[in-house]
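Worksheet for the structure shown next.
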Amino acid sequence: MHDSDVALVSGLEPGGNEWDAWLNLRIAAGMLDRPLAELDASVPADARRALAWARSAGVGDGAAATTIEEVMRSHETFVEELFGTLLDRLGFPAASDPEADG
């Protein structure tokens, strides 16, 4: 994450398949000096790889690639919120608060 504006999310499946995707594409395009259309064109494949990654972790069975694409194309003021939404839509359980548990 960079300054709460943009994030590069990466994943690694148990078999070694890697994936990555940018969140907040407009900002990423500007930072990378790449056309927004170029980053947007990679979203469908990025969403499928993210979903495969989630499924390899035992979650994501109810998620659809189109839902993941919507998250990857959306924009949030704080990219941390968008990252949390991505994990939610991929089917990962909410993290527990260690301070609440103790």
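We name chains A, B, ... following the order of the structure tokens; residues begin at 1 in each chain, and ligands are numbered from 1 as shown.
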* Asked: Which polymer residues have any atom within 10 Å of an atom of A:Ser56, counting only C-alpha atoms, with same-chain residues fewer than 6 positions away left out, as a ChimeraX atom specification?
  -> /A:12-15,50
* Tell me, as a PyMOL selection string, which residues lie within 9 Å of stretch 72-86 of chain A, counting only C-alpha atoms; anything in the same chain fewer than 6 positions away does not count. => chain A and resi 1-7+9+21-26+40+43+46-47+94
* Exercise: A:Ala45 partners within 10 Å, only C-alpha atoms, chain neighbours under 3 positions left out, as a ChimeraX atom specification -> /A:19,21,41-42,48-51,65,69
* Asked: Could you pull out all residues of chain A with a DSSP call of strand (DSSP E) and give them as a PyMOL selection string?
  -> chain A and resi 7-12+18-23
* Of the listed residues A:Ala64, A:Ala37, A:Ala54, A:Ala29, that which approaches A:Ser10 most closely, counting only C-alpha atoms -> A:Ala54
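The gap separating atom CA of A:Trp53 from atom CA of A:Asp88 is 13.7 Å, in Å to one decimal.
Backbone DSSP over stretch 49-84 of chain A yields helix (DSSP H, G or I) at Arg49, Ala50, Leu51, Ala52, Trp53, Ala54, Arg55, Ser56, Ala65, Thr66, Thr67, Ile68, Glu69, Glu70, Val71, Met72, Arg73, Val79, Glu80, Glu81, Leu82, Phe83 and Gly84 of chain A.
Using only C-alpha atoms, the nearest neighbour of A:Thr67 within the list A:Gly11, A:Pro35, A:Arg89, A:Arg55 is A:Arg89.
Taking atom CA of A:Pro98 as the reference point, atom CA of A:Gly62 is found at 27.8 Å.
Nearest residue to A:Pro44 among A:Ile68, A:Pro93, A:Glu18, A:Leu8 is A:Ile68, counting only C-alpha atoms.
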